[in-house]
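Asker: What follows is the file entry.txt, containing compact mmCIF, C-alpha atoms:
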# COMPACT_ATOMS: atom_id res chain seq x y z
CA MET A 1 -46.69 -123.93 34.79
CA GLU A 2 -49.55 -126.30 35.64
CA GLN A 3 -47.90 -128.95 33.51
CA PHE A 4 -44.69 -128.48 35.50
CA ILE A 5 -46.56 -128.92 38.79
CA GLU A 6 -48.13 -132.11 37.40
CA LYS A 7 -44.72 -133.44 36.45
CA MET A 8 -43.36 -132.63 39.91
CA VAL A 9 -46.29 -134.39 41.61
CA ASP A 10 -45.52 -137.43 39.47
CA LEU A 11 -41.80 -137.24 40.12
CA LEU A 12 -42.14 -136.73 43.88
CA ASP A 13 -44.96 -139.29 44.00
CA CYS A 14 -46.60 -137.52 46.93
CA GLU A 15 -50.21 -137.14 47.88
CA GLU A 16 -49.97 -133.70 49.48
CA GLU A 17 -50.76 -130.64 47.44
CA ILE A 18 -47.78 -129.02 45.76
CA THR A 19 -47.61 -125.38 44.72
CA MET A 20 -44.88 -123.09 43.45
CA ASP A 21 -44.35 -121.96 47.06
CA THR A 22 -43.85 -125.46 48.48
CA VAL A 23 -40.53 -125.56 50.32
CA LEU A 24 -38.40 -128.49 49.17
CA ASP A 25 -36.87 -129.16 52.57
CA GLU A 26 -40.34 -129.64 54.01
CA LEU A 27 -41.11 -132.47 51.58
CA ASP A 28 -40.15 -135.96 52.74
CA GLU A 29 -40.12 -136.97 49.11
CA TRP A 30 -37.40 -134.46 48.13
CA ASP A 31 -34.37 -136.71 48.55
CA SER A 32 -31.29 -137.75 46.58
CA LEU A 33 -33.39 -139.90 44.26
CA SER A 34 -35.87 -137.15 43.41
CA PHE A 35 -32.88 -134.83 42.98
CA VAL A 36 -31.45 -136.99 40.17
CA SER A 37 -34.98 -137.63 38.87
CA PHE A 38 -35.40 -133.86 38.52
CA LEU A 39 -32.14 -133.56 36.54
CA ALA A 40 -33.29 -136.37 34.23
CA MET A 41 -36.78 -134.89 33.84
CA ALA A 42 -35.41 -131.40 33.06
CA ASN A 43 -33.39 -132.91 30.25
CA ALA A 44 -36.01 -135.34 28.92
CA ALA A 45 -39.10 -133.10 29.11
CA TYR A 46 -37.62 -129.60 28.69
CA GLY A 47 -34.32 -130.25 26.91
CA LYS A 48 -32.48 -128.38 29.67
CA LYS A 49 -29.16 -129.45 31.05
CA VAL A 50 -29.57 -128.21 34.60
CA GLU A 51 -26.52 -127.89 36.83
CA PRO A 52 -26.72 -129.98 40.02
CA SER A 53 -25.38 -127.03 42.01
CA ASP A 54 -28.34 -124.88 40.86
CA VAL A 55 -30.76 -127.57 41.99
CA ARG A 56 -28.98 -127.76 45.32
CA ASN A 57 -29.50 -124.02 45.78
CA ALA A 58 -33.22 -124.21 44.97
CA GLU A 59 -35.45 -123.71 47.99
CA THR A 60 -38.95 -124.00 46.53
CA ILE A 61 -40.75 -125.76 43.67
CA GLY A 62 -40.87 -122.33 42.02
CA ASP A 63 -37.07 -122.14 42.13
CA LEU A 64 -36.94 -125.47 40.27
CA TYR A 65 -39.42 -124.14 37.72
CA ASN A 66 -37.13 -121.19 37.06
CA LEU A 67 -34.35 -123.63 36.16
CA ILE A 68 -36.30 -125.26 33.35
CA LYS A 69 -38.40 -122.45 31.85
CA MET B 1 -53.43 -180.71 51.15
CA SER B 2 -50.46 -178.46 51.70
CA ASN B 3 -48.87 -177.57 55.04
CA ILE B 4 -49.49 -173.91 54.31
CA THR B 5 -52.61 -171.94 53.47
CA TYR B 6 -52.38 -168.23 52.77
CA ASN B 7 -54.82 -165.52 53.74
CA PHE B 8 -54.95 -162.68 51.24
CA ILE B 9 -58.52 -161.62 52.04
CA ASN B 10 -59.27 -158.07 50.87
CA GLN B 11 -55.83 -157.69 49.35
CA ASN B 12 -55.33 -156.64 45.75
CA PHE B 13 -52.83 -158.00 43.23
CA VAL B 14 -51.97 -157.61 39.57
CA VAL B 15 -50.74 -160.67 37.67
CA THR B 16 -49.42 -160.47 34.10
CA GLY B 17 -49.20 -163.51 31.88
CA ALA B 18 -52.24 -164.74 33.76
CA SER B 19 -53.90 -166.77 31.01
CA SER B 20 -51.60 -169.78 31.19
CA GLY B 21 -48.71 -171.50 32.93
CA MET B 22 -47.32 -170.06 36.13
CA GLY B 23 -49.18 -166.74 35.85
CA LYS B 24 -52.52 -168.54 35.71
CA GLN B 25 -51.62 -170.77 38.64
CA VAL B 26 -50.63 -167.74 40.73
CA ALA B 27 -53.85 -165.89 39.81
CA MET B 28 -55.96 -168.91 40.80
CA GLU B 29 -54.15 -169.47 44.10
CA LEU B 30 -54.36 -165.79 45.04
CA ALA B 31 -58.11 -165.79 44.34
CA GLU B 32 -58.48 -169.03 46.29
CA ALA B 33 -56.72 -167.30 49.22
CA GLY B 34 -59.27 -164.49 49.12
CA ALA B 35 -57.46 -161.83 47.09
CA ASN B 36 -58.84 -159.63 44.36
CA VAL B 37 -56.78 -160.26 41.25
CA LEU B 38 -56.36 -158.22 38.09
CA ALA B 39 -55.43 -160.88 35.55
CA ILE B 40 -53.69 -159.48 32.49
CA ALA B 41 -52.83 -161.40 29.31
CA ARG B 42 -53.36 -161.31 25.57
CA GLY B 43 -55.57 -164.39 25.29
CA GLU B 44 -59.12 -163.22 25.86
CA GLU B 45 -60.68 -166.66 25.77
CA ALA B 46 -58.29 -168.17 28.30
CA LEU B 47 -58.80 -165.16 30.57
CA PHE B 48 -62.56 -165.53 30.52
CA SER B 49 -62.35 -169.18 31.41
CA LEU B 50 -60.10 -168.17 34.33
CA LYS B 51 -62.68 -165.63 35.43
CA THR B 52 -65.44 -168.22 35.52
CA LEU B 53 -63.49 -170.05 38.25
CA TYR B 54 -63.55 -167.05 40.62
CA PRO B 55 -65.98 -164.54 39.08
CA GLU B 56 -66.05 -162.25 42.10
CA ARG B 57 -62.35 -162.22 42.78
CA ILE B 58 -60.79 -162.14 39.34
CA THR B 59 -60.96 -159.13 37.02
CA VAL B 60 -59.63 -159.81 33.54
CA VAL B 61 -58.16 -157.46 30.96
CA ALA B 62 -57.04 -158.71 27.56
CA ILE B 63 -54.16 -156.49 26.43
CA ASP B 64 -50.61 -156.76 25.21
CA VAL B 65 -48.56 -156.24 28.36
CA CYS B 66 -46.09 -154.20 26.29
CA ASP B 67 -48.75 -151.55 25.69
CA SER B 68 -47.86 -149.50 28.75
CA GLU B 69 -50.69 -146.99 28.30
CA LYS B 70 -53.32 -149.71 28.39
CA LEU B 71 -51.45 -151.44 31.20
CA GLU B 72 -51.58 -148.28 33.30
CA GLU B 73 -55.23 -147.62 32.43
CA SER B 74 -56.28 -151.11 33.47
CA ILE B 75 -54.34 -150.94 36.75
CA ILE B 76 -55.78 -147.50 37.61
CA GLY B 77 -59.28 -148.84 36.88
CA PHE B 78 -58.71 -151.87 39.11
CA VAL B 79 -57.35 -149.69 41.96
CA LYS B 80 -60.40 -147.43 41.65
CA ASN B 81 -62.75 -150.41 42.02
CA LYS B 82 -60.94 -152.55 44.57
CA GLY B 83 -58.45 -150.28 46.32
CA LYS B 84 -54.68 -149.90 46.27
CA LEU B 85 -52.44 -152.81 45.39
CA ASP B 86 -50.70 -155.06 47.89
CA GLY B 87 -48.53 -156.59 45.23
CA ALA B 88 -47.88 -157.45 41.61
CA VAL B 89 -46.45 -160.40 39.70
CA HIS B 90 -44.87 -160.12 36.27
CA ALA B 91 -45.17 -163.63 34.87
CA ALA B 92 -45.64 -162.64 31.22
CA GLY B 93 -42.85 -163.98 29.09
CA ILE B 94 -42.20 -165.43 25.67
CA SER B 95 -39.52 -167.79 24.55
CA GLY B 96 -37.85 -167.50 21.22
CA LEU B 97 -34.59 -168.89 20.04
CA THR B 98 -32.09 -166.30 18.93
CA PRO B 99 -28.89 -167.96 17.70
CA LEU B 100 -26.17 -165.37 17.20
CA LYS B 101 -25.62 -166.11 13.52
CA SER B 102 -29.21 -166.01 12.40
CA PHE B 103 -31.48 -164.39 14.94
CA ASP B 104 -34.47 -162.33 13.93
CA GLU B 105 -33.89 -158.94 15.52
CA ASN B 106 -37.60 -158.17 15.86
CA GLU B 107 -38.17 -161.42 17.65
CA ALA B 108 -35.19 -160.85 19.95
CA ARG B 109 -36.44 -157.38 20.83
CA LYS B 110 -39.94 -158.73 21.48
CA VAL B 111 -38.53 -161.27 23.94
CA VAL B 112 -36.80 -158.43 25.80
CA ASP B 113 -39.86 -156.17 25.57
CA VAL B 114 -42.15 -158.71 27.23
CA SER B 115 -39.80 -160.11 29.86
CA PHE B 116 -37.87 -156.99 30.75
CA TRP B 117 -39.42 -153.72 29.58
CA ALA B 118 -42.99 -154.66 30.48
CA GLY B 119 -41.71 -155.67 33.93
CA VAL B 120 -40.01 -152.30 34.34
CA LYS B 121 -43.20 -150.44 33.39
CA LEU B 122 -45.24 -152.65 35.72
CA VAL B 123 -42.98 -151.72 38.64
CA GLN B 124 -43.15 -148.04 37.68
CA ILE B 125 -46.96 -148.04 37.58
CA CYS B 126 -47.56 -150.23 40.62
CA SER B 127 -45.07 -148.45 42.86
CA LYS B 128 -46.80 -145.07 42.66
CA VAL B 129 -48.26 -143.91 45.98
CA LYS B 130 -51.71 -143.58 44.40
CA ASN B 131 -51.63 -147.21 43.22
CA SER B 132 -50.04 -149.21 46.05
CA ASN B 133 -50.15 -149.68 49.80
CA THR B 134 -47.06 -149.35 51.97
CA GLY B 135 -45.31 -152.71 52.16
CA ALA B 136 -46.57 -153.94 48.79
CA SER B 137 -44.51 -156.74 47.25
CA ILE B 138 -43.60 -156.92 43.57
CA LEU B 139 -42.27 -160.17 42.16
CA LEU B 140 -40.79 -160.38 38.67
CA PHE B 141 -40.17 -163.63 36.83
CA SER B 142 -36.54 -164.25 36.00
CA SER B 143 -35.24 -167.71 35.10
CA VAL B 144 -32.50 -170.20 35.88
CA ARG B 145 -31.32 -169.23 32.40
CA SER B 146 -29.97 -166.05 33.94
CA HIS B 147 -27.64 -168.26 36.00
CA ARG B 148 -26.86 -170.95 33.42
CA THR B 149 -27.63 -170.21 29.79
CA ASP B 150 -27.50 -172.28 26.61
CA LYS B 151 -26.99 -171.80 22.89
CA GLY B 152 -29.56 -169.61 21.18
CA LEU B 153 -30.84 -168.01 24.36
CA PHE B 154 -29.04 -164.69 24.54
CA ALA B 155 -32.20 -162.58 24.28
CA TYR B 156 -34.22 -164.64 26.75
CA ALA B 157 -31.38 -165.16 29.23
CA GLY B 158 -30.23 -161.57 28.80
CA ALA B 159 -33.69 -160.18 29.52
CA LYS B 160 -34.17 -162.44 32.54
CA SER B 161 -30.76 -161.50 33.85
CA ALA B 162 -31.45 -157.81 33.32
CA MET B 163 -34.67 -158.18 35.29
CA GLN B 164 -32.69 -159.33 38.32
CA ILE B 165 -30.35 -156.37 38.46
CA ALA B 166 -33.20 -153.96 37.69
CA ALA B 167 -35.16 -155.47 40.58
CA LYS B 168 -32.22 -154.83 42.92
CA THR B 169 -32.08 -151.23 41.71
CA PHE B 170 -35.82 -150.71 42.19
CA ALA B 171 -35.62 -152.33 45.63
CA LYS B 172 -33.20 -149.57 46.65
CA GLU B 173 -35.31 -146.83 45.09
CA LEU B 174 -38.54 -148.02 46.70
CA ALA B 175 -37.43 -149.22 50.14
CA LYS B 176 -38.31 -145.85 51.63
CA ARG B 177 -41.99 -146.79 51.27
CA LYS B 178 -41.28 -150.37 52.43
CA LEU B 179 -42.12 -151.57 48.95
CA ARG B 180 -40.31 -154.80 48.11
CA VAL B 181 -39.08 -155.91 44.71
CA ASN B 182 -37.70 -159.40 44.11
CA THR B 183 -37.26 -161.89 41.28
CA ILE B 184 -37.98 -165.59 41.10
CA SER B 185 -35.96 -167.95 38.90
CA PRO B 186 -37.86 -171.11 38.07
CA GLY B 187 -36.24 -174.09 36.44
CA TRP B 188 -37.93 -176.05 33.64
CA VAL B 189 -41.66 -176.04 34.34
CA ASN B 190 -44.13 -177.77 32.06
CA THR B 191 -46.15 -174.96 30.44
CA ASN B 192 -47.19 -173.84 26.96
CA MET B 193 -43.95 -171.91 26.72
CA THR B 194 -41.69 -174.87 27.47
CA ASP B 195 -43.79 -177.06 25.13
CA LYS B 196 -42.53 -174.86 22.31
CA LEU B 197 -38.94 -175.09 23.52
CA GLU B 198 -38.96 -178.86 23.66
CA GLU B 199 -38.17 -179.22 19.98
CA THR B 200 -35.02 -177.21 20.13
CA ASN B 201 -33.59 -177.60 23.63
CA ASN B 202 -31.35 -180.37 24.74
CA LEU B 203 -34.00 -182.18 26.78
CA ASP B 204 -31.59 -184.83 28.01
CA GLU B 205 -29.54 -182.15 29.71
CA VAL B 206 -32.72 -180.57 31.10
CA ASN B 207 -34.08 -183.85 32.44
CA GLN B 208 -30.80 -185.01 33.87
CA ASN B 209 -30.04 -181.82 35.76
CA HIS B 210 -33.47 -181.24 37.29
CA ILE B 211 -32.63 -183.69 40.02
CA LEU B 212 -36.11 -183.46 41.56
CA GLY B 213 -37.68 -183.92 38.14
CA ILE B 214 -39.34 -181.46 35.79
CA GLY B 215 -41.54 -178.92 37.55
CA TYR B 216 -45.22 -178.02 37.40
CA PRO B 217 -46.70 -174.53 37.83
CA ALA B 218 -47.86 -175.41 41.36
CA ASP B 219 -44.24 -176.19 42.31
CA VAL B 220 -43.44 -172.53 41.79
CA SER B 221 -46.67 -170.73 42.74
CA GLY B 222 -46.34 -171.57 46.44
CA VAL B 223 -43.07 -169.66 46.58
CA VAL B 224 -44.67 -166.78 44.65
CA LEU B 225 -47.43 -166.53 47.27
CA PHE B 226 -44.82 -166.63 50.01
CA MET B 227 -42.93 -163.77 48.36
CA LEU B 228 -46.16 -161.74 48.17
CA SER B 229 -47.05 -162.46 51.78
CA ASP B 230 -45.95 -160.69 54.94
CA ARG B 231 -43.85 -163.74 55.87
CA SER B 232 -41.23 -162.51 53.40
CA LYS B 233 -41.36 -158.91 54.54
CA TRP B 234 -37.60 -158.77 55.23
CA MET B 235 -36.74 -159.87 51.69
CA THR B 236 -36.09 -157.36 48.97
CA GLY B 237 -33.70 -157.00 46.02
CA THR B 238 -33.02 -160.71 45.88
CA ASP B 239 -33.58 -163.62 43.53
CA VAL B 240 -35.27 -166.81 44.68
CA VAL B 241 -34.30 -169.93 42.74
CA VAL B 242 -36.99 -172.65 42.50
CA ASP B 243 -35.52 -175.15 40.08
CA GLY B 244 -35.81 -178.76 41.21
CA GLY B 245 -32.07 -178.70 41.89
CA TYR B 246 -31.09 -177.70 38.34
CA LEU B 247 -28.34 -175.34 39.47
CA ALA B 248 -27.06 -177.67 42.19
Go through the file and emit its structure as structure tokens.
Answerer:
Amino acid sequence: MEQFIEKMVDLLDCEEEITMDTVLDELDEWDSLSFVSFLAMANAAYGKKVEPSDVRNAETIGDLYNLIK
Amino acid sequence: MSNITYNFINQNFVVTGASSGMGKQVAMELAEAGANVLAIARGEEALFSLKTLYPERITVVAIDVCDSEKLEESIIGFVKNKGKLDGAVHAAGISGLTPLKSFDENEARKVVDVSFWAGVKLVQICSKVKNSNTGASILLFSSVRSHRTDKGLFAYAGAKSAMQIAAKTFAKELAKRKLRVNTISPGWVNTNMTDKLEETNNLDEVNQNHILGIGYPADVSGVVLFMLSDRSKWMTGTDVVVDGGYLA
């Protein structure tokens, strides 16, 4: 889980603290580019082919974690 | 004495390929203008002689620019000591003739690794929030060969061409933070690299078409400093040709 948070910090490239409860819509960095970066990271790091619609429905970092675990 | 002097006091820059040619010239001029420079190259000896010119401003690291782990380590170390980056220049490049019928695949890949892949990694590392200030400018060396190529140059020209379109892509990805990414395409400039090419290139064609004559590193470095400065702050995702009229 910690490793996932680290990867998300890297992917979002933000300096604020990120937790599983962080709300995606409240992050400036969660935009169309980080959206596709997440899809690519899920595949490259976790071997998961995540559906874009599932990512669109995710509200928190924890919801994204549930897509790759 | 030039018409222009730049002020880069307290700003921090990374320069690859800094031990010779255009990279060295850029590193020296940035230091002269007051910047802190992380000079990266393979040649340890040449780097140390560069450092003796501006011992307080120039930090040197002798690594292969293609070793992205060491590249990142050295940049993080520099940022820790001097502060976040205001820009980066990827001047590292190797020539190497790769005629279609007989090219050495390892050599061709190395040409692409140094010119293109190392440039991509440099942008990735330098553009991170923890490593760069808002508005930082990244300049990647392309070449007039991406506009007009010649026999035996597919790897070199291909890599330099790829760098241009990658820079445009990165410019779009990084504009949100006001980071700028551009390329520069020099014509034939007298350096160690072109010394090696002299034997095999058609020098008559080169001489004839550089209508302002063959260039020197200082003919290009002024434009590099401009592209790193705030006077070019509305330029991103573009290629700047500095070629003595070669493409005219």
Asker: Give the answer as one residue: which of A:Gln3, A:Thr60, A:Ser32, A:Asn66 has the shortest atom-to-atom distance to A:Ala45, using only C-alpha atoms?
Answerer: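 The shortest atom-to-atom distance to A:Ala45 comes from A:Gln3.
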Asker: May I ask you to extract the residues of chain B within 10 Å of chain A, using only C-alpha atoms, and to give them as a short mmCIF file (atom, residue, chain, number, x, y, z; two decimals) with C-alpha atoms, in the coordinates of the input?
Answerer:
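Output contents, as saved in iface.cif:
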data_model
loop_
_atom_site.label_atom_id
_atom_site.label_comp_id
_atom_site.auth_asym_id
_atom_site.auth_seq_id
_atom_site.Cartn_x
_atom_site.Cartn_y
_atom_site.Cartn_z
CA SER B 127 -45.07 -148.45 42.86
CA LYS B 128 -46.80 -145.07 42.66
CA VAL B 129 -48.26 -143.91 45.98
CA LYS B 130 -51.71 -143.58 44.40
CA LYS B 172 -33.20 -149.57 46.65
CA GLU B 173 -35.31 -146.83 45.09
CA LEU B 174 -38.54 -148.02 46.70
CA LYS B 176 -38.31 -145.85 51.63
#
Asker: Up to 12 Å from (-42.3, -150.2, 35.2) in the file's coordinates: name the residues, counting only C-alpha atoms, as an NGL selection string.
Answerer: :B and (65-69 or 71-72 or 88-90 or 113-128 or 138 or 140 or 163 or 166-167 or 170 or 181)
Asker: Identify, on the basis of all atoms listed in the file, every residue whose closest approach to stretch 239-247 of chain B does not exceed 6 Å; exclude the query and any residue fewer than 2 positions from it along the same chain; express the result as a CSV table (one decimal) with C-alpha atoms, keeping the file's coordinate frame.
Answerer:
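Below you can see result06.csv, which holds the result:
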chain,number,residue,atom,x,y,z
B,182,ASN,CA,-37.7,-159.4,44.1
B,183,THR,CA,-37.3,-161.9,41.3
B,184,ILE,CA,-38.0,-165.6,41.1
B,185,SER,CA,-36.0,-168.0,38.9
B,186,PRO,CA,-37.9,-171.1,38.1
B,187,GLY,CA,-36.2,-174.1,36.4
B,209,ASN,CA,-30.0,-181.8,35.8
B,210,HIS,CA,-33.5,-181.2,37.3
B,211,ILE,CA,-32.6,-183.7,40.0
B,212,LEU,CA,-36.1,-183.5,41.6
Asker: By how many Å are atom CA of B:Ala41 and atom CA of B:Asp64 apart?
Answerer: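 Spanning atom CA of B:Ala41 to atom CA of B:Asp64 is a straight-line distance of 6.6 Å.
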Asker: Could you check how far atom CA of A:Tyr65 sits from atom CA of A:Phe4, in Å to one decimal?
Answerer: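 These atoms are spaced 7.2 Å apart.
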Asker: Provide the atom CA of B:Met28 to atom CA of B:Ile58 distance in Å, to one decimal place.
Answerer: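 If I compute the distance from atom CA of B:Met28 to atom CA of B:Ile58, I get 8.4 Å.
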Asker: From the options B:Ile63, B:Glu45, B:Leu139, B:Leu85, which residue's atoms come nearest to B:Phe226, counting only C-alpha atoms?
Answerer: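 Ranked by minimum distance to B:Phe226, first place goes to B:Leu139.
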Asker: Once 3 Å is added on each side, what are the centre and the three edge lengths, in Å to one decimal, of the axis-aligned box enclosing the listed atoms of stretch 82-87 of chain B? Present them as AutoDock Vina command-line options.
Answerer:
--center_x -54.7 --center_y -153.2 --center_z 46.2 --size_x 18.4 --size_y 12.7 --size_z 9.3
Asker: Taking into account all atoms listed in the file, which residue in the set B:Val61, B:Ala92, B:Val206, B:Leu225 is nearest to B:Phe8?
Answerer: B:Leu225
Asker: Nearest to B:Lys160: which of B:Asn190, B:Thr134, B:Thr59, B:Ser95 is it, counting only C-alpha atoms?
Answerer: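 Of B:Asn190, B:Thr134, B:Thr59, B:Ser95, the one nearest B:Lys160, counting only C-alpha atoms, is B:Ser95.
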Asker: May I ask which of the residues B:Val79, B:Lys233, B:Ser146, B:Ala157 is the closest one to B:Ala175, counting only C-alpha atoms?
Answerer: B:Lys233
Asker: Between B:Gly152, B:Gly23, B:Gly93, B:Pro55, single out the one closest to B:Asn36, counting only C-alpha atoms.
Answerer: B:Pro55
Asker: Name the residues in contact with A:Asp63 at a cut-off of 10 Å, using all atoms listed in the file, excluding same-chain residues fewer than 5 positions from it; report them as a list in words.
Answerer: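 What passes the distance filter is Met20, Asp21, Thr22, Val23, Leu24, Asp54, Val55, Asn57, Ala58 and Ile68 of chain A.
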Asker: Find the residues near A:Ala40: any atom within 10 Å, counting all atoms listed in the file, skip ones fewer than 6 places away on the same chain, and give them as a list in words.
Answerer: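 The contact residues come out as Ser34, Tyr46, Gly47, Lys48, Lys49 and Val50 of chain A.
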Asker: Residues within 9 Å of B:Ile75, please, as number ranges by chain. Count all atoms listed in the file; anything in the same chain fewer than 5 positions from it doesn't count.
Answerer: B: 14, 38, 70, 80, 125-126, 131
Asker: Counting all atoms listed in the file, which residues come within 9 Å of (-45.0, -179.2, 35.2), with the point read in the file's coordinates, and could you list them as a PyMOL selection string?
Answerer: chain B and resi 21+188-191+214-219
Asker: Output stretch 181-232 of chain B from the block with C-alpha atoms, as a CSV table (one decimal), in the first residue's frame?
Answerer:
chain,number,residue,atom,x,y,z
B,181,VAL,CA,10.7,22.6,-23.5
B,182,ASN,CA,12.4,23.5,-26.8
B,183,THR,CA,15.0,22.2,-29.2
B,184,ILE,CA,17.9,23.9,-31.0
B,185,SER,CA,19.2,22.8,-34.4
B,186,PRO,CA,22.7,24.0,-35.0
B,187,GLY,CA,24.4,23.7,-38.4
B,188,TRP,CA,28.0,22.5,-38.8
B,189,VAL,CA,29.9,23.8,-35.8
B,190,ASN,CA,33.6,23.1,-35.3
B,191,THR,CA,33.9,20.7,-32.4
B,192,ASN,CA,35.5,17.3,-31.6
B,193,MET,CA,32.4,15.6,-32.9
B,194,THR,CA,32.5,17.3,-36.3
B,195,ASP,CA,36.3,16.7,-36.5
B,196,LYS,CA,35.4,13.0,-36.6
B,197,LEU,CA,32.8,13.5,-39.3
B,198,GLU,CA,35.1,15.5,-41.6
B,199,GLU,CA,36.6,12.3,-43.1
B,200,THR,CA,33.3,11.0,-44.3
B,201,ASN,CA,31.0,13.9,-44.9
B,202,ASN,CA,30.9,15.8,-48.1
B,203,LEU,CA,32.7,18.9,-46.8
B,204,ASP,CA,32.3,20.8,-50.1
B,205,GLU,CA,28.5,20.6,-49.7
B,206,VAL,CA,28.8,21.6,-46.0
B,207,ASN,CA,31.1,24.6,-46.7
B,208,GLN,CA,29.1,25.8,-49.7
B,209,ASN,CA,25.8,25.8,-48.0
B,210,HIS,CA,26.8,27.4,-44.7
B,211,ILE,CA,26.5,30.8,-46.3
B,212,LEU,CA,27.8,32.6,-43.2
B,213,GLY,CA,30.7,30.1,-42.9
B,214,ILE,CA,31.2,27.2,-40.6
B,215,GLY,CA,30.2,27.9,-37.0
B,216,TYR,CA,31.9,28.0,-33.7
B,217,PRO,CA,30.4,26.9,-30.3
B,218,ALA,CA,30.0,30.6,-29.3
B,219,ASP,CA,27.8,31.1,-32.4
B,220,VAL,CA,25.3,28.8,-30.9
B,221,SER,CA,25.7,29.3,-27.1
B,222,GLY,CA,24.3,32.8,-27.2
B,223,VAL,CA,21.0,31.5,-28.5
B,224,VAL,CA,21.1,28.7,-25.9
B,225,LEU,CA,21.4,31.3,-23.1
B,226,PHE,CA,18.5,33.3,-24.7
B,227,MET,CA,16.3,30.2,-24.7
B,228,LEU,CA,17.1,29.6,-21.0
B,229,SER,CA,16.4,33.2,-20.1
B,230,ASP,CA,13.1,34.9,-19.2
B,231,ARG,CA,13.3,36.8,-22.5
B,232,SER,CA,12.1,33.6,-24.3
